[in-house]
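Below is the file final.tsv, which contains TSV, C-alpha atoms (C1' of nucleotides).
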```
chain	number	residue	atom	x	y	z
A	1	MET	CA	-6.14	-4.17	-1.05
A	2	PRO	CA	-5.31	-1.44	1.29
A	3	GLU	CA	-4.09	2.02	0.68
A	4	LEU	CA	-4.61	4.88	3.11
A	5	PRO	CA	-8.42	5.14	2.78
A	6	GLU	CA	-8.91	1.39	3.08
A	7	VAL	CA	-6.74	1.13	6.20
A	8	GLU	CA	-8.47	4.19	7.65
A	9	THR	CA	-11.81	2.49	7.08
A	10	ILE	CA	-10.65	-0.72	8.71
A	11	ALA	CA	-9.36	1.19	11.74
A	12	ARG	CA	-12.61	3.08	12.10
A	13	THR	CA	-14.68	-0.07	11.73
A	14	LEU	CA	-12.73	-2.15	14.23
A	15	ARG	CA	-12.08	0.55	16.82
A	16	PRO	CA	-15.33	0.34	18.83
A	17	ALA	CA	-15.05	-3.40	19.40
A	18	LEU	CA	-11.32	-3.40	20.07
A	19	LEU	CA	-10.92	-0.48	22.48
A	20	GLY	CA	-10.59	-1.77	26.00
A	21	ALA	CA	-10.51	-5.42	24.96
A	22	GLU	CA	-7.74	-7.69	26.16
A	23	ILE	CA	-5.82	-10.03	23.90
A	24	SER	CA	-5.93	-13.39	25.61
A	25	GLU	CA	-4.03	-15.31	22.98
A	26	ALA	CA	-2.43	-15.08	19.55
A	27	GLU	CA	-2.93	-18.06	17.29
A	28	ILE	CA	-0.41	-18.07	14.45
A	29	ARG	CA	-1.22	-20.13	11.39
A	30	TRP	CA	1.42	-18.75	9.02
A	31	ALA	CA	4.70	-18.11	10.80
A	32	ARG	CA	6.13	-15.60	8.35
A	33	THR	CA	3.27	-13.24	9.15
A	34	ILE	CA	5.21	-12.23	12.25
A	35	ALA	CA	7.91	-9.80	11.16
A	36	HIS	CA	9.07	-9.00	14.70
A	37	PRO	CA	9.90	-10.32	17.25
A	38	SER	CA	10.32	-14.10	17.12
A	39	LEU	CA	7.21	-16.27	17.09
A	40	GLY	CA	7.50	-17.38	20.69
A	41	GLU	CA	8.30	-13.92	21.95
A	42	PHE	CA	5.40	-12.45	20.03
A	43	GLN	CA	2.92	-14.87	21.56
A	44	GLU	CA	4.40	-14.49	24.99
A	45	ARG	CA	4.48	-10.70	25.02
A	46	ILE	CA	1.05	-10.05	23.54
A	47	ARG	CA	-0.82	-12.25	25.98
A	48	GLY	CA	-2.90	-10.26	28.45
A	49	GLN	CA	-2.29	-6.88	26.86
A	50	SER	CA	-5.22	-4.53	26.54
A	51	ILE	CA	-5.98	-2.37	23.53
A	52	GLN	CA	-5.68	1.36	24.22
A	53	GLU	CA	-5.92	2.86	20.76
A	54	VAL	CA	-6.64	1.78	17.17
A	55	ASP	CA	-5.18	4.05	14.55
A	56	ARG	CA	-3.34	4.29	11.26
A	57	ARG	CA	0.06	5.52	10.09
A	58	GLY	CA	0.50	5.48	6.35
A	59	LYS	CA	-0.76	2.07	5.27
A	60	PHE	CA	-0.02	0.54	8.67
A	61	LEU	CA	-2.77	-0.15	11.15
A	62	SER	CA	-1.38	0.75	14.57
A	63	VAL	CA	-2.73	-0.68	17.80
A	64	ARG	CA	-1.44	0.81	21.03
A	65	LEU	CA	-1.35	-1.79	23.74
A	66	SER	CA	-0.90	-1.49	27.48
A	67	ASP	CA	2.76	-2.23	26.88
A	68	GLY	CA	3.94	-1.52	23.37
A	69	TYR	CA	2.51	-1.27	19.88
A	70	LEU	CA	1.15	-3.72	17.39
A	71	PHE	CA	1.57	-2.75	13.73
A	72	ILE	CA	-0.25	-4.57	10.96
A	73	HIS	CA	0.47	-4.13	7.24
A	74	LEU	CA	-2.03	-5.78	4.90
A	75	ARG	CA	0.11	-5.40	1.76
A	76	MET	CA	-1.79	-6.60	-1.34
A	77	SER	CA	-4.50	-8.97	-0.19
A	78	GLY	CA	-4.73	-8.86	3.59
A	79	ASP	CA	-7.90	-8.22	5.53
A	80	LEU	CA	-8.89	-7.89	9.17
A	81	VAL	CA	-12.29	-8.90	10.49
A	82	LEU	CA	-13.96	-9.65	13.79
A	83	GLN	CA	-15.35	-13.14	14.09
A	84	GLU	CA	-16.75	-15.41	16.72
A	85	ALA	CA	-13.78	-16.86	18.57
A	86	SER	CA	-15.19	-20.34	18.00
A	87	SER	CA	-15.54	-19.94	14.23
A	88	PRO	CA	-13.51	-22.35	12.10
A	89	PRO	CA	-10.42	-20.84	10.43
A	90	GLY	CA	-10.95	-19.67	6.87
A	91	LYS	CA	-8.85	-20.95	4.01
A	92	HIS	CA	-6.49	-17.98	4.11
A	93	GLU	CA	-6.47	-17.24	7.80
A	94	ARG	CA	-2.92	-16.39	8.96
A	95	LEU	CA	-3.36	-15.05	12.47
A	96	ARG	CA	-6.09	-14.88	15.09
A	97	TRP	CA	-6.16	-12.85	18.29
A	98	ARG	CA	-8.66	-14.06	20.87
A	99	LEU	CA	-10.24	-11.14	22.69
A	100	ARG	CA	-11.63	-10.90	26.19
A	101	ARG	CA	-13.32	-8.24	28.26
A	102	ALA	CA	-13.44	-7.69	31.99
A	103	GLN	CA	-17.14	-6.94	31.59
A	104	ALA	CA	-19.45	-8.07	28.85
A	105	GLY	CA	-18.93	-5.81	25.87
A	106	PRO	CA	-18.80	-5.72	22.10
A	107	ALA	CA	-15.73	-7.95	21.87
A	108	GLU	CA	-16.98	-10.70	24.14
A	109	GLY	CA	-16.29	-14.12	22.63
A	110	GLN	CA	-14.80	-12.45	19.57
A	111	ALA	CA	-11.51	-12.80	17.77
A	112	LEU	CA	-9.68	-10.45	15.46
A	113	VAL	CA	-8.79	-12.47	12.39
A	114	PHE	CA	-6.09	-11.59	9.88
A	115	SER	CA	-6.55	-13.37	6.57
A	116	ASP	CA	-4.30	-12.93	3.57
A	117	PRO	CA	-4.38	-15.14	0.47
A	118	ARG	CA	-1.04	-13.94	-0.87
A	119	LYS	CA	0.78	-14.14	2.46
A	120	PHE	CA	2.51	-10.78	1.93
A	121	GLY	CA	1.01	-9.12	5.01
A	122	ARG	CA	3.15	-8.65	8.13
A	123	VAL	CA	2.72	-7.90	11.81
A	124	TRP	CA	5.12	-6.28	14.29
A	125	LEU	CA	5.09	-6.01	18.07
A	126	THR	CA	7.42	-3.38	19.48
A	127	GLU	CA	7.87	-0.80	22.23
A	128	ASP	CA	9.34	1.65	19.74
A	129	PRO	CA	7.02	2.75	16.90
A	130	ALA	CA	9.96	4.33	15.06
A	131	GLN	CA	11.35	0.85	14.54
A	132	VAL	CA	8.44	0.15	12.17
A	133	VAL	CA	7.11	3.49	10.92
A	134	GLY	CA	10.10	5.74	11.60
A	135	ASP	CA	11.06	6.18	7.97
A	136	LEU	CA	7.62	7.07	6.67
A	137	GLY	CA	7.03	10.43	5.04
A	138	PRO	CA	4.37	12.84	6.29
A	139	GLU	CA	0.67	12.06	6.44
A	140	PRO	CA	-0.97	13.55	3.33
A	141	LEU	CA	-4.06	14.59	5.28
A	142	SER	CA	-2.14	16.24	8.10
A	143	GLU	CA	-1.13	19.85	8.51
A	144	ALA	CA	2.49	18.87	7.92
A	145	PHE	CA	1.60	18.26	4.29
A	146	THR	CA	1.53	21.74	2.83
A	147	VAL	CA	1.87	23.09	-0.70
A	148	ALA	CA	5.16	24.72	0.27
A	149	TRP	CA	6.54	21.43	1.58
A	150	LEU	CA	5.41	19.48	-1.46
A	151	TYR	CA	6.77	22.00	-3.92
A	152	GLU	CA	10.12	22.13	-2.19
A	153	GLN	CA	10.41	18.35	-1.95
A	154	LEU	CA	9.39	17.81	-5.57
A	155	ARG	CA	12.06	20.25	-6.71
A	156	ARG	CA	14.72	18.74	-4.55
A	157	HIS	CA	14.20	15.19	-5.80
A	158	ARG	CA	14.86	14.20	-9.37
A	159	ARG	CA	12.46	11.39	-9.88
A	160	LEU	CA	9.37	10.67	-11.93
A	161	LEU	CA	6.20	11.76	-10.15
A	162	LYS	CA	4.52	8.39	-10.06
A	163	PRO	CA	7.33	6.37	-8.46
A	164	LEU	CA	8.10	9.26	-6.12
A	165	LEU	CA	4.52	9.47	-4.87
A	166	LEU	CA	4.50	5.72	-4.35
A	167	ASP	CA	7.63	5.95	-2.21
A	168	GLN	CA	6.38	5.68	1.38
A	169	THR	CA	9.42	7.49	2.73
A	170	PHE	CA	8.41	10.48	0.61
A	171	LEU	CA	4.72	10.55	1.49
A	172	ALA	CA	2.88	7.93	3.54
A	173	GLY	CA	-0.22	6.15	2.35
A	174	LEU	CA	-0.57	6.59	-1.40
A	175	GLY	CA	-0.72	3.37	-3.43
A	176	ASN	CA	-1.19	2.58	-7.08
A	177	ILE	CA	-4.87	3.53	-7.29
A	178	TYR	CA	-4.87	6.85	-5.48
A	179	THR	CA	-1.62	7.95	-7.13
A	180	ASP	CA	-3.08	7.47	-10.62
A	181	GLU	CA	-6.27	9.22	-9.55
A	182	ALA	CA	-4.40	12.14	-7.97
A	183	LEU	CA	-2.14	12.68	-10.98
A	184	TYR	CA	-5.20	12.66	-13.21
A	185	LEU	CA	-7.01	15.26	-11.11
A	186	ALA	CA	-3.87	17.38	-11.03
A	187	ARG	CA	-3.53	17.04	-14.84
A	188	LEU	CA	0.05	15.86	-14.48
A	189	HIS	CA	1.67	13.15	-16.57
A	190	PRO	CA	2.87	10.31	-14.31
A	191	ALA	CA	6.32	10.47	-15.90
A	192	THR	CA	6.83	14.17	-15.19
A	193	PRO	CA	10.27	14.68	-13.62
A	194	SER	CA	9.53	15.94	-10.11
A	195	HIS	CA	12.02	18.79	-10.23
A	196	THR	CA	10.32	20.35	-13.26
A	197	VAL	CA	6.99	20.82	-11.50
A	198	THR	CA	5.89	24.43	-11.20
A	199	ARG	CA	4.42	26.02	-8.13
A	200	GLU	CA	0.97	25.99	-9.74
A	201	GLN	CA	1.30	22.31	-10.60
A	202	ALA	CA	2.39	21.54	-7.05
A	203	GLU	CA	-0.69	23.33	-5.79
A	204	ARG	CA	-2.90	21.23	-8.04
A	205	LEU	CA	-1.17	18.03	-7.01
A	206	HIS	CA	-1.47	18.87	-3.33
A	207	ALA	CA	-5.18	19.53	-3.66
A	208	ALA	CA	-5.68	16.44	-5.84
A	209	ILE	CA	-3.98	14.11	-3.37
A	210	GLN	CA	-6.15	15.33	-0.52
A	211	THR	CA	-9.28	15.21	-2.66
A	212	VAL	CA	-8.88	11.61	-3.84
A	213	LEU	CA	-7.94	10.38	-0.37
A	214	GLN	CA	-10.93	12.11	1.19
A	215	GLU	CA	-13.19	10.74	-1.54
A	216	GLY	CA	-11.82	7.27	-0.85
A	217	ILE	CA	-12.41	7.58	2.86
A	218	ARG	CA	-15.92	8.89	2.29
A	219	SER	CA	-16.59	5.82	0.10
A	220	ASN	CA	-15.23	3.51	2.82
A	221	GLY	CA	-12.31	2.66	0.55
A	222	ALA	CA	-12.24	0.62	-2.62
A	223	SER	CA	-13.15	-3.04	-3.02
A	224	ILE	CA	-11.53	-4.52	-6.07
A	225	ASP	CA	-10.49	-7.86	-7.48
A	226	TRP	CA	-11.88	-10.69	-5.38
A	227	VAL	CA	-11.60	-8.82	-2.07
A	228	TYR	CA	-14.83	-7.09	-1.17
A	229	ARG	CA	-14.99	-5.22	2.08
A	230	GLY	CA	-17.94	-2.93	1.60
A	231	GLY	CA	-16.09	0.04	0.17
A	232	GLU	CA	-17.37	1.47	-3.08
A	233	PHE	CA	-14.71	3.87	-4.32
A	234	GLN	CA	-14.04	1.45	-7.19
A	235	ASN	CA	-17.24	2.82	-8.71
A	236	HIS	CA	-15.73	6.28	-8.85
A	237	PHE	CA	-12.33	5.62	-10.42
A	238	ARG	CA	-11.60	8.20	-13.08
A	239	VAL	CA	-8.66	6.43	-14.73
A	240	TYR	CA	-7.47	3.51	-12.60
A	241	GLY	CA	-8.38	0.23	-14.27
A	242	ARG	CA	-10.23	2.09	-17.03
A	243	THR	CA	-7.80	1.39	-19.87
A	244	GLY	CA	-9.52	1.96	-23.21
A	245	GLN	CA	-12.52	3.67	-21.66
A	246	PRO	CA	-13.27	7.37	-22.17
A	247	CYS	CA	-11.63	9.99	-20.00
A	248	PRO	CA	-14.38	11.61	-17.89
A	249	THR	CA	-13.13	15.05	-18.87
A	250	CYS	CA	-12.32	14.94	-22.59
A	251	GLY	CA	-13.53	11.58	-23.82
A	252	ALA	CA	-10.15	10.46	-25.12
A	253	LEU	CA	-9.35	6.86	-24.25
A	254	VAL	CA	-7.54	6.15	-21.02
A	255	VAL	CA	-4.12	4.64	-21.71
A	256	LYS	CA	-1.91	2.43	-19.64
A	257	LEU	CA	1.83	2.17	-19.37
A	258	ARG	CA	4.31	0.64	-17.03
A	259	LEU	CA	6.15	2.93	-14.65
A	260	GLY	CA	8.28	1.69	-11.81
A	261	GLN	CA	6.98	-1.82	-12.38
A	262	ARG	CA	3.43	-0.65	-11.79
A	263	GLY	CA	0.51	-0.37	-14.16
A	264	THR	CA	-0.13	3.34	-14.66
A	265	HIS	CA	-3.38	4.73	-16.02
A	266	PHE	CA	-3.85	8.23	-17.38
A	267	CYS	CA	-5.30	10.44	-20.10
A	268	SER	CA	-2.62	11.57	-22.51
A	269	THR	CA	-4.74	14.56	-23.55
A	270	CYS	CA	-5.49	15.89	-20.07
A	271	GLN	CA	-2.10	14.87	-18.72
A	272	PRO	CA	0.45	15.89	-21.35
A	273	LEU	CA	4.07	15.32	-20.54
A	274	ARG	CA	4.84	19.00	-20.99
A	275	GLU	CA	2.51	21.81	-20.28
A	276	TYR	CA	2.68	24.62	-22.81
A	277	ALA	CA	1.73	28.11	-21.85
A	278	ASP	CA	-0.87	29.52	-24.21
B	279	DA	C1'	29.68	8.59	-1.73
B	280	DG	C1'	25.19	8.77	-2.13
B	281	DC	C1'	21.11	8.73	-4.64
B	282	DA	C1'	18.02	6.88	-7.86
B	283	DT	C1'	16.46	3.22	-10.87
B	284	DT	C1'	15.72	-1.40	-12.32
B	285	DA	C1'	14.94	-6.28	-11.83
B	286	DC	C1'	13.33	-9.72	-9.20
B	287	DC	C1'	10.95	-11.87	-5.65
B	288	DC	C1'	7.30	-13.34	-2.69
B	289	DG	C1'	1.55	-16.94	-2.71
B	290	DC	C1'	-2.47	-16.83	-4.65
B	291	DA	C1'	-6.73	-15.94	-7.45
B	292	DC	C1'	-8.64	-14.38	-11.40
B	293	DG	C1'	-9.63	-13.20	-16.39
B	294	DC	C1'	-8.77	-14.18	-21.00
C	295	DT	C1'	-4.43	-25.40	-19.51
C	296	DG	C1'	-1.45	-21.63	-19.65
C	297	DC	C1'	-0.13	-16.95	-19.09
C	298	DG	C1'	-0.26	-12.32	-17.70
C	299	DT	C1'	-1.63	-9.38	-14.02
C	300	DG	C1'	-1.92	-7.35	-9.30
C	301	DC	C1'	-4.69	-2.37	-3.78
C	302	DG	C1'	3.12	-3.62	-1.74
C	303	DG	C1'	7.55	-3.29	-0.58
C	304	DG	C1'	12.22	-5.47	0.56
C	305	DT	C1'	16.67	-6.54	-1.41
C	306	DA	C1'	20.39	-6.64	-4.59
C	307	DA	C1'	22.44	-5.08	-8.59
C	308	DT	C1'	23.23	-1.38	-11.64
C	309	DG	C1'	23.39	3.38	-13.19
C	310	DC	C1'	24.38	8.37	-12.60
```

Before we go any further, please render this structure as structure tokens.
Amino acid sequence: MPELPEVETIARTLRPALLGAEISEAEIRWARTIAHPSLGEFQERIRGQSIQEVDRRGKFLSVRLSDGYLFIHLRMSGDLVLQEASSPPGKHERLRWRLRRAQAGPAEGQALVFSDPRKFGRVWLTEDPAQVVGDLGPEPLSEAFTVAWLYEQLRRHRRLLKPLLLDQTFLAGLGNIYTDEALYLARLHPATPSHTVTREQAERLHAAIQTVLQEGIRSNGASIDWVYRGGEFQNHFRVYGRTGQPCPTCGALVVKLRLGQRGTHFCSTCQPLREYAD
DNA sequence: AGCATTACCCGCACGC
DNA sequence: TGCGTGCGGGTAATGC
């Protein structure tokens, strides 16, 4: 369920309990969860490492360890929660890290549990972050993401806006929900060819991307389908998942089409394919 | 050659 | 019961 705001929320929630804790053991229940290195090496190398930092890069949760980095990608249905180390494994539990502290602290007797019904989520352990996140585009909430950069990049590519914004090597962190929401706020049709975007449109898109991501973070992310994690941004969707319901701006019905294999929601009145000067 | 696009795939749960 | 759908992205094939 995680896009940038959801992963950000998870990182913020877990950070206090994880910082300073030591990973005493990794218990792997679904082997393919480990993307790198091999199973045995993963278990061997993570044992005894302490957690120095809990952060996010794009949709990856990044955990800096005393020796290396742990990257976790939740893909479609993954979730991370702290549980009692002695708790029985849930139906979809894939990986469990037992935690330990030198002195009694928030993580005492706890375990970090990765559950994932669809088994798409993956975990990496590496000394070189670039090996995992090296190809990601800029962070949309960082200073590197400027109107000038976005405008230039949109003009240089020749792709439809929606698939381009979903491309993590273009920009890191946007997923299907926030892309639809951002294009709506920017009043841009999802199938607009990127190189036809004007400077003014790029300005709107830049602002819209930052707005929807900040809204999502402020709402602690979105909880949709059968995965509920406390976020409530799903109650503020303007177009995503609102096919056939009125557009909040003009009242026309939200329509849905398929773009780049993804369901795409928008208002054909507010987001015309071409913008006519009048 | 080098992009970009498309199709397909991967487990599972859910709604209709 | 069966079928379509999906908060993601990797790969392979195809198109420009």

When you get a sec, could you note down which chain A residues fall within 12 Å of chain B, using all atoms listed in the file, as a compact mmCIF listing (two decimals) with C-alpha atoms, in the coordinates of the input?
```txt
# COMPACT_ATOMS: atom_id res chain seq x y z
CA TRP A 30 1.42 -18.75 9.02
CA ARG A 32 6.13 -15.60 8.35
CA ARG A 75 0.11 -5.40 1.76
CA MET A 76 -1.79 -6.60 -1.34
CA SER A 77 -4.50 -8.97 -0.19
CA GLY A 78 -4.73 -8.86 3.59
CA LYS A 91 -8.85 -20.95 4.01
CA HIS A 92 -6.49 -17.98 4.11
CA ASP A 116 -4.30 -12.93 3.57
CA PRO A 117 -4.38 -15.14 0.47
CA ARG A 118 -1.04 -13.94 -0.87
CA LYS A 119 0.78 -14.14 2.46
CA PHE A 120 2.51 -10.78 1.93
CA GLY A 121 1.01 -9.12 5.01
CA ARG A 156 14.72 18.74 -4.55
CA HIS A 157 14.20 15.19 -5.80
CA ARG A 158 14.86 14.20 -9.37
CA ARG A 159 12.46 11.39 -9.88
CA LEU A 160 9.37 10.67 -11.93
CA PRO A 163 7.33 6.37 -8.46
CA LEU A 164 8.10 9.26 -6.12
CA ASP A 167 7.63 5.95 -2.21
CA ILE A 224 -11.53 -4.52 -6.07
CA ASP A 225 -10.49 -7.86 -7.48
CA TRP A 226 -11.88 -10.69 -5.38
CA VAL A 227 -11.60 -8.82 -2.07
CA LEU A 259 6.15 2.93 -14.65
CA GLY A 260 8.28 1.69 -11.81
CA GLN A 261 6.98 -1.82 -12.38
```

- [ ] Just give me the gap between CA of Thr264 in chain A and CA of Ala191 in chain A in Å, one decimal is fine.
- [x]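 Between these atoms lies a distance of 9.7 Å.
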
Open item on the list: Would you mind listing, as JSON, numbers by chain, all residues of chain C that have at least one atom within 12 Å of chain A, where all atoms listed in the file are what counts?
Closed with: {"C": [299, 300, 301, 302, 303, 304, 310]}

Task: Contact residues around Ala252 in chain A with only C-alpha atoms (C1' of nucleotides) at 10 Å, ignoring same-chain residues under 5 positions, as a list of chain:residue names - done: A:Gly244, A:Gln245, A:Pro246, A:Cys247, A:Cys267, A:Ser268, A:Thr269, A:Cys270

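Taking CA of Ser87 in chain A and CA of Gln110 in chain A as the two end points, the separation is 9.2 Å.
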
Open item on the list: What does the structure give for the distance between CA of Leu154 in chain A and C1' of DT308 in chain C, in Å to one decimal?
Closed with: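 Separating CA of Leu154 in chain A from C1' of DT308 in chain C is a distance of 24.4 Å.
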
Put the listed atoms of range 296-303 of chain C in a box along x, y and z with 5 Å added on every side and give me the centre and edge lengths in Å to one decimal, as JSON.
```
{"center_x": 1.4, "center_y": -12.0, "center_z": -10.1, "size_x": 22.2, "size_y": 29.3, "size_z": 29.1}
```

- [ ] Might you pull out every residue within 12 Å of Ala85 in chain A, with only C-alpha atoms (C1' of nucleotides) counted and same-chain residues fewer than 6 positions away left off, and present them as a PyMOL selection string?
- [x] chain A and resi 23-27+96-100+107-113

Emit the selected residues as a PDB file, in the frame of the given file, including C-alpha atoms.
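Resulting contents of result_30.pdb:
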```
ATOM      1  CA  ILE A  23      -5.820 -10.030  23.900  1.00  0.00           C
ATOM      2  CA  SER A  24      -5.930 -13.390  25.610  1.00  0.00           C
ATOM      3  CA  GLU A  25      -4.030 -15.310  22.980  1.00  0.00           C
ATOM      4  CA  ALA A  26      -2.430 -15.080  19.550  1.00  0.00           C
ATOM      5  CA  GLU A  27      -2.930 -18.060  17.290  1.00  0.00           C
ATOM      6  CA  ARG A  96      -6.090 -14.880  15.090  1.00  0.00           C
ATOM      7  CA  TRP A  97      -6.160 -12.850  18.290  1.00  0.00           C
ATOM      8  CA  ARG A  98      -8.660 -14.060  20.870  1.00  0.00           C
ATOM      9  CA  LEU A  99     -10.240 -11.140  22.690  1.00  0.00           C
ATOM     10  CA  ARG A 100     -11.630 -10.900  26.190  1.00  0.00           C
ATOM     11  CA  ALA A 107     -15.730  -7.950  21.870  1.00  0.00           C
ATOM     12  CA  GLU A 108     -16.980 -10.700  24.140  1.00  0.00           C
ATOM     13  CA  GLY A 109     -16.290 -14.120  22.630  1.00  0.00           C
ATOM     14  CA  GLN A 110     -14.800 -12.450  19.570  1.00  0.00           C
ATOM     15  CA  ALA A 111     -11.510 -12.800  17.770  1.00  0.00           C
ATOM     16  CA  LEU A 112      -9.680 -10.450  15.460  1.00  0.00           C
ATOM     17  CA  VAL A 113      -8.790 -12.470  12.390  1.00  0.00           C
TER      18      VAL A 113
END
```

- [ ] For Leu273 in chain A, list every protein, DNA or RNA residue within 12 Å, evaluated using only C-alpha atoms (C1' of nucleotides), and leave out those in the same chain fewer than 4 positions away; present the list as a VMD selection string.
- [x] chain A and resid 160 to 161 183 187 to 194 196 to 197 266 to 269

Which polymer residues have any atom within 8 Å of an atom of Ser219 in chain A, counting all atoms listed in the file, with same-chain residues fewer than 4 positions away left out, as a short mmCIF file (atom, residue, chain, number, x, y, z; two decimals) with C-alpha atoms, in the frame of the given file?
```cif
data_model
loop_
_atom_site.label_atom_id
_atom_site.label_comp_id
_atom_site.auth_asym_id
_atom_site.auth_seq_id
_atom_site.Cartn_x
_atom_site.Cartn_y
_atom_site.Cartn_z
CA GLU A 215 -13.19 10.74 -1.54
CA GLY A 231 -16.09 0.04 0.17
CA GLU A 232 -17.37 1.47 -3.08
CA PHE A 233 -14.71 3.87 -4.32
#
```

Open item on the list: Using all atoms listed in the file, which protein or nucleic acid residues come within 12 Å of Gly58 in chain A? Drop anything in the same chain fewer than 6 positions from it, and give the result as a PyMOL selection string.
Closed with: chain A and resi 2-8+71-75+132-142+166-175+213

TODO: Using all atoms listed in the file, find the one residue out of A:Ala21, A:Leu65, A:Val239, A:Ile28 that sits nearest to Glu93 in chain A.
DONE: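 Among the listed residues, the smallest separation from Glu93 in chain A belongs to A:Ile28.
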
Can I get range 13-27 of chain A with N, CA, C and O atoms filled in, as an mmCIF file, in the coordinates of the input?
```cif
data_model
loop_
_atom_site.group_PDB
_atom_site.id
_atom_site.type_symbol
_atom_site.label_atom_id
_atom_site.label_comp_id
_atom_site.auth_asym_id
_atom_site.auth_seq_id
_atom_site.Cartn_x
_atom_site.Cartn_y
_atom_site.Cartn_z
ATOM 1 N N THR A 13 -13.691 0.992 11.555
ATOM 2 C CA THR A 13 -14.680 -0.070 11.730
ATOM 3 C C THR A 13 -14.373 -0.935 12.955
ATOM 4 O O THR A 13 -15.269 -1.296 13.706
ATOM 5 N N LEU A 14 -13.098 -1.245 13.148
ATOM 6 C CA LEU A 14 -12.730 -2.150 14.230
ATOM 7 C C LEU A 14 -12.649 -1.474 15.596
ATOM 8 O O LEU A 14 -12.820 -2.114 16.630
ATOM 9 N N ARG A 15 -12.365 -0.168 15.584
ATOM 10 C CA ARG A 15 -12.080 0.550 16.820
ATOM 11 C C ARG A 15 -13.078 0.320 17.958
ATOM 12 O O ARG A 15 -12.672 -0.035 19.083
ATOM 13 N N PRO A 16 -14.382 0.465 17.712
ATOM 14 C CA PRO A 16 -15.330 0.340 18.830
ATOM 15 C C PRO A 16 -15.258 -1.005 19.541
ATOM 16 O O PRO A 16 -15.331 -1.058 20.766
ATOM 17 N N ALA A 17 -15.079 -2.069 18.781
ATOM 18 C CA ALA A 17 -15.050 -3.400 19.400
ATOM 19 C C ALA A 17 -13.713 -3.678 20.075
ATOM 20 O O ALA A 17 -13.651 -4.423 21.050
ATOM 21 N N LEU A 18 -12.649 -3.062 19.552
ATOM 22 C CA LEU A 18 -11.320 -3.400 20.070
ATOM 23 C C LEU A 18 -10.921 -2.592 21.304
ATOM 24 O O LEU A 18 -10.227 -3.097 22.188
ATOM 25 N N LEU A 19 -11.353 -1.329 21.369
ATOM 26 C CA LEU A 19 -10.920 -0.480 22.480
ATOM 27 C C LEU A 19 -11.317 -1.100 23.813
ATOM 28 O O LEU A 19 -12.468 -1.446 24.037
ATOM 29 N N GLY A 20 -10.329 -1.234 24.675
ATOM 30 C CA GLY A 20 -10.590 -1.770 26.000
ATOM 31 C C GLY A 20 -10.568 -3.290 26.085
ATOM 32 O O GLY A 20 -10.545 -3.842 27.175
ATOM 33 N N ALA A 21 -10.553 -3.951 24.937
ATOM 34 C CA ALA A 21 -10.510 -5.420 24.960
ATOM 35 C C ALA A 21 -9.104 -5.892 25.314
ATOM 36 O O ALA A 21 -8.128 -5.165 25.131
ATOM 37 N N GLU A 22 -9.037 -7.115 25.811
ATOM 38 C CA GLU A 22 -7.740 -7.690 26.160
ATOM 39 C C GLU A 22 -7.461 -8.850 25.214
ATOM 40 O O GLU A 22 -8.341 -9.619 24.880
ATOM 41 N N ILE A 23 -6.214 -8.928 24.781
ATOM 42 C CA ILE A 23 -5.820 -10.030 23.900
ATOM 43 C C ILE A 23 -5.422 -11.216 24.769
ATOM 44 O O ILE A 23 -4.435 -11.149 25.492
ATOM 45 N N SER A 24 -6.214 -12.262 24.729
ATOM 46 C CA SER A 24 -5.930 -13.390 25.610
ATOM 47 C C SER A 24 -4.954 -14.362 24.973
ATOM 48 O O SER A 24 -4.229 -15.067 25.663
ATOM 49 N N GLU A 25 -4.926 -14.353 23.639
ATOM 50 C CA GLU A 25 -4.030 -15.310 22.980
ATOM 51 C C GLU A 25 -3.861 -14.972 21.503
ATOM 52 O O GLU A 25 -4.777 -14.482 20.859
ATOM 53 N N ALA A 26 -2.668 -15.231 20.979
ATOM 54 C CA ALA A 26 -2.430 -15.080 19.550
ATOM 55 C C ALA A 26 -2.224 -16.473 18.952
ATOM 56 O O ALA A 26 -1.375 -17.231 19.417
ATOM 57 N N GLU A 27 -3.004 -16.750 17.936
ATOM 58 C CA GLU A 27 -2.930 -18.060 17.290
ATOM 59 C C GLU A 27 -2.336 -17.857 15.893
ATOM 60 O O GLU A 27 -2.958 -17.247 15.025
#
```
